[in-house]
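Next up, data_0.txt (compact mmCIF, C-alpha atoms and all ligand atoms):
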# COMPACT_ATOMS: atom_id res chain seq x y z
CA MET A 1 3.27 -8.43 6.18
CA LYS A 2 4.32 -5.44 4.10
CA LYS A 3 1.74 -2.75 3.39
CA ASP A 4 1.12 -3.64 -0.26
CA THR A 5 0.52 -7.24 0.72
CA LYS A 6 -1.86 -6.16 3.47
CA VAL A 7 -3.95 -4.19 0.97
CA ILE A 8 -4.47 -7.45 -0.90
CA ARG A 9 -4.82 -9.86 2.02
CA ALA A 10 -6.42 -7.85 4.81
CA GLY A 11 -9.87 -8.95 5.85
CA HIS A 12 -9.79 -12.10 3.73
CA SER A 13 -11.39 -15.15 5.24
CA LYS A 14 -11.45 -18.27 3.15
CA LYS A 15 -13.57 -19.95 5.78
CA ARG A 16 -16.10 -17.14 6.02
CA ASN A 17 -16.54 -16.96 2.25
CA ALA A 18 -16.63 -20.69 1.46
CA GLY A 19 -13.49 -20.22 -0.64
CA VAL A 20 -14.85 -17.37 -2.78
CA VAL A 21 -12.21 -14.63 -3.07
CA ASN A 22 -14.52 -11.68 -2.38
CA THR A 23 -16.98 -11.73 0.49
CA PRO A 24 -20.46 -11.82 -1.06
CA VAL A 25 -22.93 -9.00 -0.61
CA TYR A 26 -25.26 -10.00 2.22
CA HIS A 27 -28.49 -8.07 1.90
CA ALA A 28 -29.85 -8.45 5.38
CA SER A 29 -32.15 -7.01 7.95
CA THR A 30 -33.59 -9.96 9.88
CA VAL A 31 -31.31 -12.77 10.96
CA VAL A 32 -33.14 -15.83 12.27
CA PHE A 33 -32.19 -18.18 15.10
CA ASP A 34 -33.19 -21.69 16.13
CA THR A 35 -33.42 -21.12 19.85
CA ILE A 36 -34.05 -18.30 22.29
CA ALA A 37 -30.78 -19.20 23.99
CA GLN A 38 -28.91 -18.51 20.73
CA LEU A 39 -30.70 -15.21 20.23
CA LYS A 40 -29.86 -14.17 23.79
CA ASP A 41 -26.25 -15.19 23.34
CA VAL A 42 -25.56 -13.45 20.03
CA GLY A 43 -27.44 -10.19 20.66
CA PRO A 44 -25.34 -8.73 23.45
CA ARG A 45 -22.12 -9.74 21.72
CA ALA A 46 -23.14 -8.06 18.47
CA LEU A 47 -24.17 -4.91 20.36
CA LYS A 48 -20.73 -4.79 21.97
CA GLY A 49 -19.15 -4.80 18.51
CA GLU A 50 -18.23 -8.44 18.20
CA LYS A 51 -18.48 -9.69 14.64
CA ALA A 52 -21.50 -11.86 15.40
CA LEU A 53 -24.41 -11.97 12.96
CA PHE A 54 -27.49 -10.63 14.74
CA TYR A 55 -29.19 -7.90 12.72
CA GLY A 56 -28.44 -6.23 9.39
CA ARG A 57 -27.81 -2.79 10.82
CA LEU A 58 -25.06 -4.15 13.08
CA GLY A 59 -23.14 -5.57 10.12
CA THR A 60 -22.77 -8.78 8.18
CA PRO A 61 -19.70 -10.60 6.85
CA THR A 62 -19.71 -8.08 3.97
CA HIS A 63 -19.08 -5.31 6.50
CA TRP A 64 -16.66 -7.31 8.64
CA THR A 65 -14.38 -7.88 5.68
CA LEU A 66 -13.96 -4.15 5.10
CA GLU A 67 -13.77 -3.36 8.82
CA GLU A 68 -11.02 -5.91 9.33
CA ALA A 69 -9.16 -4.77 6.23
CA ILE A 70 -9.14 -1.11 7.26
CA THR A 71 -8.15 -2.01 10.82
CA ASP A 72 -5.30 -4.12 9.53
CA LEU A 73 -4.05 -1.19 7.43
CA ALA A 74 -4.70 1.61 9.91
CA GLY A 75 -3.78 -0.16 13.15
CA GLY A 76 -6.05 0.17 16.17
CA ALA A 77 -8.49 -2.27 17.74
CA ASP A 78 -11.38 -2.11 15.27
CA THR A 79 -13.13 -0.03 12.63
CA ILE A 80 -16.72 1.20 12.59
CA LEU A 81 -18.17 1.81 9.14
CA THR A 82 -20.42 4.83 8.67
CA PRO A 83 -22.79 5.90 5.89
CA SER A 84 -20.46 8.73 4.77
CA GLY A 85 -17.27 10.55 5.64
CA VAL A 86 -19.30 13.33 7.25
CA ALA A 87 -21.08 10.69 9.33
CA ALA A 88 -17.67 9.39 10.44
CA CYS A 89 -16.60 12.87 11.60
CA ALA A 90 -19.95 13.37 13.36
CA LEU A 91 -19.82 9.97 15.07
CA THR A 92 -16.34 10.70 16.37
CA ILE A 93 -17.25 14.04 17.86
CA LEU A 94 -20.66 12.99 19.21
CA GLY A 95 -19.11 9.87 20.72
CA CYS A 96 -16.44 11.80 22.59
CA VAL A 97 -18.30 14.73 24.14
CA LYS A 98 -21.15 15.59 26.47
CA ALA A 99 -22.84 18.86 27.53
CA GLY A 100 -20.38 21.21 29.16
CA ASP A 101 -17.37 19.87 27.25
CA HIS A 102 -15.00 21.79 25.00
CA VAL A 103 -13.61 20.62 21.66
CA LEU A 104 -10.64 21.99 19.74
CA VAL A 105 -10.96 21.74 15.96
CA SER A 106 -8.35 22.56 13.36
CA ASP A 107 -9.02 25.75 11.44
CA SER A 108 -8.34 23.71 8.30
CA ALA A 109 -11.09 21.16 9.06
CA TYR A 110 -13.58 20.08 6.45
CA GLU A 111 -16.47 22.56 6.44
CA PRO A 112 -19.31 20.17 7.41
CA THR A 113 -17.32 19.26 10.54
CA ARG A 114 -17.32 22.93 11.49
CA LYS A 115 -21.05 23.15 10.77
CA LEU A 116 -21.70 20.30 13.21
CA CYS A 117 -19.63 22.04 15.88
CA ASP A 118 -21.11 25.50 15.39
CA GLY A 119 -24.67 24.14 15.02
CA LEU A 120 -25.90 20.97 16.71
CA LEU A 121 -23.02 20.70 19.13
CA LYS A 122 -23.41 24.28 20.30
CA ASP A 123 -27.14 23.69 20.80
CA PHE A 124 -26.29 20.67 22.94
CA GLY A 125 -24.01 22.75 25.16
CA VAL A 126 -20.65 21.76 23.74
CA GLU A 127 -18.25 24.59 22.97
CA THR A 128 -15.78 24.53 20.06
CA GLY A 129 -12.55 26.46 19.70
CA TYR A 130 -10.58 26.56 16.43
CA TYR A 131 -6.80 26.33 16.35
CA ASP A 132 -4.02 27.17 13.93
CA PRO A 133 -3.24 23.89 12.12
CA CYS A 134 0.48 24.71 12.49
CA ILE A 135 0.19 25.07 16.27
CA GLY A 136 1.89 21.79 17.26
CA GLY A 137 2.65 21.60 20.98
CA GLY A 138 1.49 25.21 21.32
CA ILE A 139 -2.01 23.77 21.57
CA ALA A 140 -1.33 23.52 25.31
CA ALA A 141 -2.28 27.19 25.60
CA LEU A 142 -5.78 26.47 24.20
CA MET A 143 -6.53 23.39 26.30
CA ARG A 144 -9.12 23.90 29.00
CA GLU A 145 -10.07 21.76 31.93
CA ASN A 146 -13.12 20.56 30.00
CA THR A 147 -11.38 19.95 26.63
CA ARG A 148 -12.28 16.37 25.71
CA LEU A 149 -11.23 16.15 22.10
CA VAL A 150 -8.78 17.66 19.64
CA PHE A 151 -10.05 17.15 16.11
CA CYS A 152 -7.33 17.38 13.45
CA GLU A 153 -7.30 17.16 9.70
CA SER A 154 -3.86 16.78 8.21
CA PRO A 155 -3.15 18.02 5.67
CA GLY A 156 -6.23 20.25 5.46
CA SER A 157 -8.12 19.40 2.29
CA HIS A 158 -8.19 23.03 1.07
CA THR A 159 -5.16 24.65 2.67
CA PHE A 160 -2.87 21.62 3.09
CA GLU A 161 -1.09 22.47 6.34
CA VAL A 162 0.54 19.40 7.87
CA GLN A 163 0.00 19.06 11.61
CA ASP A 164 2.46 17.89 14.23
CA ILE A 165 0.25 15.06 15.48
CA PRO A 166 2.75 13.55 17.97
CA ALA A 167 3.20 16.96 19.63
CA ILE A 168 -0.57 17.59 19.75
CA ALA A 169 -1.25 14.07 21.07
CA LYS A 170 1.33 14.44 23.82
CA VAL A 171 -0.31 17.63 25.12
CA ALA A 172 -3.87 16.33 24.70
CA HIS A 173 -3.21 13.04 26.48
CA ALA A 174 -1.47 14.78 29.37
CA ARG A 175 -4.68 16.79 29.80
CA GLY A 176 -7.04 13.84 29.48
CA ALA A 177 -8.31 14.68 25.98
CA LYS A 178 -8.52 12.39 22.97
CA VAL A 179 -7.12 13.12 19.53
CA ALA A 180 -9.00 12.32 16.33
CA ILE A 181 -7.74 12.88 12.80
CA ASP A 182 -9.50 13.09 9.50
CA ASN A 183 -6.95 11.09 7.49
CA THR A 184 -8.79 11.13 4.17
CA TRP A 185 -6.03 12.84 2.14
CA ALA A 186 -3.42 10.21 2.94
CA SER A 187 -5.59 7.12 3.48
CA PRO A 188 -4.16 4.43 5.76
CA VAL A 189 -1.69 3.51 3.04
CA PHE A 190 0.17 6.82 3.29
CA CYS A 191 -0.41 7.65 6.97
CA ARG A 192 -1.28 5.72 10.13
CA PRO A 193 -2.37 8.38 12.63
CA LEU A 194 -2.75 5.86 15.46
CA ASP A 195 0.99 5.16 15.21
CA LEU A 196 1.56 8.91 15.63
CA GLY A 197 -0.37 9.00 18.90
CA ALA A 198 -3.94 9.67 17.76
CA ASP A 199 -6.79 7.73 19.36
CA ILE A 200 -9.15 7.82 16.41
CA SER A 201 -8.49 7.87 12.65
CA ILE A 202 -11.25 8.86 10.25
CA GLU A 203 -11.54 8.07 6.56
CA ALA A 204 -14.01 9.35 4.03
CA GLY A 205 -13.91 5.97 2.26
CA THR A 206 -15.79 7.72 -0.51
CA LYS A 207 -12.43 9.11 -1.65
CA TYR A 208 -9.37 6.91 -2.19
CA ILE A 209 -10.44 3.69 -0.49
CA CYS A 210 -13.45 3.26 -2.74
CA GLY A 211 -11.59 5.12 -5.45
CA HIS A 212 -14.13 4.94 -8.25
CA SER A 213 -16.57 7.77 -7.47
CA ASP A 214 -19.46 5.35 -7.12
CA ALA A 215 -20.08 4.98 -3.39
CA VAL A 216 -20.36 7.16 -0.30
CA ILE A 217 -19.00 5.63 2.92
CA GLY A 218 -16.91 6.44 5.99
CA ALA A 219 -14.77 4.58 8.49
CA VAL A 220 -13.66 5.28 12.04
CA THR A 221 -10.72 3.27 13.34
CA ALA A 222 -9.91 3.56 17.04
CA THR A 223 -7.87 2.24 19.90
CA ALA A 224 -9.45 -0.20 22.34
CA GLU A 225 -9.84 2.65 24.87
CA ALA A 226 -11.64 4.95 22.44
CA LEU A 227 -13.95 2.33 20.89
CA PRO A 228 -16.66 1.83 23.56
CA ASP A 229 -17.81 5.48 23.43
CA LEU A 230 -17.93 5.33 19.65
CA ARG A 231 -19.93 2.09 19.69
CA ARG A 232 -22.41 3.60 22.12
CA ALA A 233 -22.87 6.57 19.79
CA VAL A 234 -23.22 4.51 16.62
CA LEU A 235 -25.95 2.39 18.19
CA ALA A 236 -27.79 5.48 19.38
CA LEU A 237 -27.51 7.19 16.00
CA GLY A 238 -28.72 4.10 14.15
CA TYR A 239 -26.16 4.32 11.35
CA ALA A 240 -26.42 1.52 8.82
CA VAL A 241 -24.17 1.13 5.80
CA GLY A 242 -25.57 -0.40 2.63
CA PRO A 243 -23.87 -3.67 1.72
CA ASP A 244 -23.45 -2.77 -1.94
CA ASP A 245 -21.47 0.32 -0.99
CA VAL A 246 -19.39 -1.77 1.38
CA TYR A 247 -18.70 -4.29 -1.36
CA LEU A 248 -17.64 -1.58 -3.83
CA THR A 249 -15.35 -0.07 -1.23
CA THR A 250 -13.69 -3.38 -0.39
CA ARG A 251 -13.21 -3.98 -4.08
CA GLY A 252 -11.67 -0.53 -4.45
CA LEU A 253 -9.40 -1.11 -1.48
CA ARG A 254 -7.65 -4.02 -3.20
CA THR A 255 -6.08 -1.61 -5.69
CA LEU A 256 -5.53 1.23 -3.23
CA SER A 257 -1.76 1.04 -3.10
CA VAL A 258 -1.24 0.79 -6.87
CA ARG A 259 -3.69 3.61 -7.50
CA LEU A 260 -2.12 5.84 -4.86
CA ALA A 261 1.36 5.21 -6.23
CA ARG A 262 0.19 6.47 -9.64
CA HIS A 263 -1.78 9.38 -8.16
CA GLN A 264 1.41 10.37 -6.35
CA GLU A 265 3.61 10.06 -9.41
CA ASN A 266 1.21 12.04 -11.61
CA ALA A 267 0.55 14.66 -8.91
CA MET A 268 4.26 15.29 -8.42
CA LYS A 269 4.76 15.81 -12.16
CA VAL A 270 1.86 18.27 -12.30
CA ALA A 271 2.93 20.03 -9.07
CA LEU A 272 6.48 20.55 -10.34
CA TRP A 273 5.15 21.94 -13.61
CA LEU A 274 2.65 24.22 -11.86
CA LYS A 275 5.25 25.55 -9.44
CA ASP A 276 7.22 27.16 -12.30
CA ARG A 277 4.24 28.76 -13.98
CA PRO A 278 4.20 32.57 -13.91
CA GLU A 279 0.49 32.58 -12.94
CA VAL A 280 1.12 30.42 -9.88
CA LYS A 281 2.13 31.92 -6.55
CA ARG A 282 2.41 28.65 -4.67
CA VAL A 283 1.39 25.01 -4.99
CA LEU A 284 0.00 23.61 -1.76
CA TYR A 285 1.36 20.08 -1.80
CA PRO A 286 3.40 18.80 1.15
CA ALA A 287 5.50 16.46 -1.00
CA LEU A 288 7.17 19.50 -2.62
CA PRO A 289 10.49 20.12 -0.85
CA ASP A 290 9.77 23.84 -0.33
CA ASP A 291 6.28 23.29 1.08
CA PRO A 292 6.11 24.57 4.70
CA GLY A 293 4.75 21.19 5.81
CA HIS A 294 7.36 19.15 3.97
CA ALA A 295 9.50 18.17 6.98
CA LEU A 296 6.53 16.94 9.01
CA TRP A 297 5.11 15.19 5.96
CA LYS A 298 8.40 13.43 5.41
CA ARG A 299 8.58 12.38 9.03
CA ASP A 300 4.98 11.14 9.40
CA PHE A 301 3.69 10.11 5.96
CA GLN A 302 4.69 7.35 3.56
CA GLY A 303 3.48 9.16 0.48
CA ALA A 304 1.39 11.98 -1.00
CA SER A 305 -1.96 11.55 -2.70
CA GLY A 306 -3.35 13.37 -5.72
CA LEU A 307 -5.05 16.36 -4.08
CA MET A 308 -3.37 19.77 -4.07
CA GLY A 309 -4.12 23.46 -3.93
CA VAL A 310 -2.92 26.19 -6.27
CA LEU A 311 -2.58 29.82 -5.16
CA LEU A 312 -2.63 32.33 -7.99
CA HIS A 313 -0.90 35.71 -8.22
CA ARG A 314 -3.91 37.23 -9.93
CA THR A 315 -7.39 35.79 -10.07
CA SER A 316 -11.06 36.73 -10.20
CA PRO A 317 -14.25 34.69 -10.17
CA ALA A 318 -14.68 35.27 -13.93
CA ALA A 319 -11.07 34.37 -14.77
CA ALA A 320 -11.19 31.24 -12.61
CA ALA A 321 -14.45 30.29 -14.35
CA ALA A 322 -12.82 30.77 -17.76
CA LEU A 323 -10.00 28.45 -16.73
CA ILE A 324 -12.16 25.83 -15.02
CA GLU A 325 -15.12 25.66 -17.37
CA GLY A 326 -12.97 25.15 -20.44
CA MET A 327 -11.01 22.18 -19.14
CA GLU A 328 -11.02 19.02 -21.21
CA PHE A 329 -9.68 16.39 -18.80
CA PHE A 330 -10.33 18.02 -15.43
CA ALA A 331 -14.00 17.75 -14.54
CA LEU A 332 -15.60 20.40 -12.35
CA GLY A 333 -16.90 18.71 -9.24
CA PHE A 334 -16.47 18.09 -5.56
CA SER A 335 -15.30 14.99 -3.83
CA TRP A 336 -12.05 13.41 -5.09
CA GLY A 337 -10.04 10.25 -4.73
CA GLY A 338 -11.56 8.58 -7.77
CA PHE A 339 -9.57 7.65 -10.85
CA GLU A 340 -10.41 10.90 -12.64
CA SER A 341 -8.93 14.37 -12.46
CA LEU A 342 -11.07 17.13 -10.97
CA ILE A 343 -10.81 20.87 -10.62
CA ALA A 344 -12.76 23.30 -8.45
CA PRO A 345 -12.40 26.85 -7.22
CA SER A 346 -11.13 27.09 -3.65
CA ALA A 347 -12.00 29.98 -1.35
CA PRO A 348 -11.32 29.16 2.30
CA LYS A 349 -11.25 32.81 3.44
CA THR A 350 -14.79 32.89 4.80
CA ILE A 351 -14.46 29.50 6.50
CA ARG A 352 -11.41 30.25 8.65
CA THR A 353 -11.70 31.85 12.06
CA ALA A 354 -8.45 31.13 13.95
CA VAL A 355 -5.92 32.14 11.29
CA PRO A 356 -7.07 34.50 8.55
CA TRP A 357 -6.51 33.27 5.01
CA THR A 358 -4.96 36.15 3.10
CA GLU A 359 -4.42 34.65 -0.37
CA ALA A 360 -6.07 35.92 -3.56
CA GLU A 361 -9.36 34.08 -4.13
CA PRO A 362 -10.54 31.97 -5.79
CA GLY A 363 -7.55 29.67 -5.92
CA LEU A 364 -7.79 26.22 -7.46
CA ARG A 365 -8.06 22.79 -5.99
CA LEU A 366 -6.92 19.97 -8.23
CA HIS A 367 -7.33 16.27 -7.90
CA ILE A 368 -4.78 14.58 -10.11
CA GLY A 369 -6.21 11.37 -11.47
CA LEU A 370 -4.76 8.41 -13.32
CA GLU A 371 -4.70 9.95 -16.80
CA ASP A 372 -1.41 10.56 -18.62
CA PRO A 373 0.09 13.60 -16.85
CA ALA A 374 1.19 15.07 -20.21
CA ASP A 375 -2.48 15.43 -21.16
CA LEU A 376 -3.27 17.00 -17.80
CA ILE A 377 -0.42 19.50 -18.10
CA ALA A 378 -1.43 20.46 -21.65
CA ASP A 379 -4.99 20.96 -20.42
CA LEU A 380 -3.79 23.21 -17.58
CA GLU A 381 -1.56 25.18 -19.92
CA LYS A 382 -4.54 26.07 -22.11
CA GLY A 383 -6.48 26.87 -18.95
CA PHE A 384 -3.88 29.39 -17.81
CA ALA A 385 -4.11 31.09 -21.20
CA ARG A 386 -7.87 31.48 -20.64
CA LEU A 387 -7.28 32.77 -17.10
CA THR A 388 -4.81 35.39 -18.29
CA ALA A 389 -7.03 36.46 -21.19
CA ALA A 390 -9.95 36.93 -18.80
CA LEU A 391 -7.88 39.07 -16.41
CA VAL A 392 -6.94 41.82 -18.90
C1 LIG A 401 -15.06 14.32 1.40
C2 LIG A 401 -14.53 14.48 2.75
C3 LIG A 401 -15.29 14.12 3.85
C4 LIG A 401 -16.70 13.68 3.74
O1 LIG A 401 -16.90 12.54 3.03
P1 LIG A 401 -18.35 12.17 2.45
O2 LIG A 401 -18.25 10.72 2.25
O3 LIG A 401 -18.52 12.97 1.22
O4 LIG A 401 -19.35 12.53 3.51
C5 LIG A 401 -14.72 14.25 5.11
N1 LIG A 401 -13.46 14.72 5.25
C6 LIG A 401 -12.70 15.07 4.21
C7 LIG A 401 -11.34 15.56 4.43
C8 LIG A 401 -13.23 14.96 2.92
O5 LIG A 401 -12.49 15.34 1.89
Encoded form (structure tokens):
Amino acid sequence: MKKDTKVIRAGHSKKRNAGVVNTPVYHASTVVFDTIAQLKDVGPRALKGEKALFYGRLGTPTHWTLEEAITDLAGGADTILTPSGVAACALTILGCVKAGDHVLVSDSAYEPTRKLCDGLLKDFGVETGYYDPCIGGGIAALMRENTRLVFCESPGSHTFEVQDIPAIAKVAHARGAKVAIDNTWASPVFCRPLDLGADISIEAGTKYICGHSDAVIGAVTATAEALPDLRRAVLALGYAVGPDDVYLTTRGLRTLSVRLARHQENAMKVALWLKDRPEVKRVLYPALPDDPGHALWKRDFQGASGLMGVLLHRTSPAAAAALIEGMEFFALGFSWGGFESLIAPSAPKTIRTAVPWTEAEPGLRLHIGLEDPADLIADLEKGFARLTAALV
């Protein structure tokens, strides 16, 4: 089955849904049984991750549909849904480490992931080191005897470095460590990290998979070897994912490939326009041929989504505010991956520890939505006039 067909078909079960196209929303806590023997049979299977209906928190057919669909798209043995993307990152790390272990995290990682590592994880006796996202096989020099996990995010959602996942995975596996990737930027339609050698692929389903800015959800897809530790952690943490959010996300998934194709087309038009602007120093978007990550992106990805960074020659908080606050079609807000365009200031300098970020701040982070790109470009053009006026 080709990818676009999978997006439509994956997770479908005519039998499970009595012929209805979409799996209904099961609102469930208690599930009742006729006999003790049945209860004793289903329980252990459900706890092991089998798709057996036992208790609402462990999932219902509503959840299984999305789990199977994401697994089909991402590869791997199965997918665990989580209440948010942050919860997916946390589950992955907590599932892979114990006291005395060491974790390597990309310097470009999403900030809450770093907060977990520098906070809770440190308190629990797990040490974190941060690495240059462009390190590739050079990560060997940072691996310790007790390194259990390398946590990647590629491209970084503020700084957009593309990582050499096969090279990192080769080193990590030789040293007995697992590799996890936050794959939210690409989604499983544009990148399949497990095919590149990763053990665990994470999605903030909140972004492109849901795609409509109306649900918060995460997903962790893993190989058969990596799954048991993750299942143990998810049971201990007591994560439960609301069935309405699951339903919305499955519904969003069915249009994921058409939406991403348009995000990509619009984003490329905007990126090419931005790149020639006198105010712009560099556009951080790996699909651009002169982006430093372009070769790796071309090798490992099947497309580019709508999120990009913009470095400015000259900027100030007031000038960036003048640009951002006057936008007509770009809304000011976090999160991304919905149908709408967004803009926000970006200032990664204080977050980074392994490789200093030396660009003028604040830069911009744009999410290019599904509007007509001509409107978006006209909006940005007026924005740059406001930026320049506020700088003199
Ligand atoms: C948004 C985001 C998350 C977190 O997702 P939530 O659902 O908001 O918790 C994790 N990783 C990346 C790269 C993100 O952009």
Exercise for the section: Mind checking which residues fall within 10 Å of Leu296 of chain A, counting all atoms listed in the file, ignoring those fewer than 3 positions away in the same chain, and posting them as a ChimeraX atom specification? Expected result: /A:161-165,286,292-293,299-301
Exercise for the section: One decimal, Å: what's the distance from atom CA of Val25 of chain A over to atom C4 of ligand LIG 401 (chain A), could you say? Expected result: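 Spanning atom CA of Val25 of chain A to atom C4 of ligand LIG 401 (chain A) is a straight-line distance of 23.9 Å.
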Problem - Selection as number ranges by chain: residues within 10 Å of ligand LIG 401 (chain A) by only C-alpha atoms and all ligand atoms - result: A: 82-90, 108-113, 153-158, 181-186, 202-208, 215-219, 307, 334-337
Pull the closest atom pair for each residue of segment 62-154 of chain A that gets at most 8 Å from segment 7-17 of chain A, along with the distance in Å to one decimal, counting all atoms listed in the file, ordering rows by chain and then ascending residue number, as CSV.
residue,atom,partner,partner_atom,distance
A:Trp64,CA,A:Gly11,CA,7.5
A:Thr65,CA,A:Gly11,CA,4.6
A:Leu66,CA,A:Gly11,CA,6.4
A:Glu67,CA,A:Gly11,CA,7.4
A:Glu68,CA,A:Gly11,CA,4.8
A:Ala69,CA,A:Gly11,CA,4.3
A:Ile70,CA,A:Ala10,CA,7.7
A:Asp72,CA,A:Ala10,CA,6.1
A:Leu73,CA,A:Val7,CA,7.1
List as a short mmCIF file (atom, residue, chain, number, x, y, z; two decimals) with C-alpha atoms, in the coordinates of the input the protein and nucleic acid residues near segment 137-152 of chain A, meaning an atom at most 10 Å away when only C-alpha atoms are counted, but skip any in the same chain fewer than 4 places from it.
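Now in part10.cif:
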data_model
loop_
_atom_site.label_atom_id
_atom_site.label_comp_id
_atom_site.auth_asym_id
_atom_site.auth_seq_id
_atom_site.Cartn_x
_atom_site.Cartn_y
_atom_site.Cartn_z
CA CYS A 89 -16.60 12.87 11.60
CA THR A 92 -16.34 10.70 16.37
CA ILE A 93 -17.25 14.04 17.86
CA CYS A 96 -16.44 11.80 22.59
CA VAL A 97 -18.30 14.73 24.14
CA LYS A 98 -21.15 15.59 26.47
CA GLY A 100 -20.38 21.21 29.16
CA ASP A 101 -17.37 19.87 27.25
CA HIS A 102 -15.00 21.79 25.00
CA VAL A 103 -13.61 20.62 21.66
CA LEU A 104 -10.64 21.99 19.74
CA VAL A 105 -10.96 21.74 15.96
CA SER A 106 -8.35 22.56 13.36
CA ASP A 107 -9.02 25.75 11.44
CA SER A 108 -8.34 23.71 8.30
CA ALA A 109 -11.09 21.16 9.06
CA TYR A 110 -13.58 20.08 6.45
CA THR A 113 -17.32 19.26 10.54
CA VAL A 126 -20.65 21.76 23.74
CA GLU A 127 -18.25 24.59 22.97
CA THR A 128 -15.78 24.53 20.06
CA GLY A 129 -12.55 26.46 19.70
CA TYR A 130 -10.58 26.56 16.43
CA TYR A 131 -6.80 26.33 16.35
CA ASP A 132 -4.02 27.17 13.93
CA PRO A 133 -3.24 23.89 12.12
CA GLY A 156 -6.23 20.25 5.46
CA VAL A 162 0.54 19.40 7.87
CA GLN A 163 0.00 19.06 11.61
CA ASP A 164 2.46 17.89 14.23
CA ILE A 165 0.25 15.06 15.48
CA PRO A 166 2.75 13.55 17.97
CA ALA A 167 3.20 16.96 19.63
CA ILE A 168 -0.57 17.59 19.75
CA ALA A 169 -1.25 14.07 21.07
CA LYS A 170 1.33 14.44 23.82
CA VAL A 171 -0.31 17.63 25.12
CA ALA A 172 -3.87 16.33 24.70
CA HIS A 173 -3.21 13.04 26.48
CA ALA A 174 -1.47 14.78 29.37
CA ARG A 175 -4.68 16.79 29.80
CA GLY A 176 -7.04 13.84 29.48
CA ALA A 177 -8.31 14.68 25.98
CA LYS A 178 -8.52 12.39 22.97
CA VAL A 179 -7.12 13.12 19.53
CA ALA A 180 -9.00 12.32 16.33
CA ILE A 181 -7.74 12.88 12.80
CA ASP A 182 -9.50 13.09 9.50
CA ASN A 183 -6.95 11.09 7.49
CA ALA A 198 -3.94 9.67 17.76
CA ASP A 199 -6.79 7.73 19.36
CA ILE A 200 -9.15 7.82 16.41
CA SER A 201 -8.49 7.87 12.65
CA ILE A 202 -11.25 8.86 10.25
#
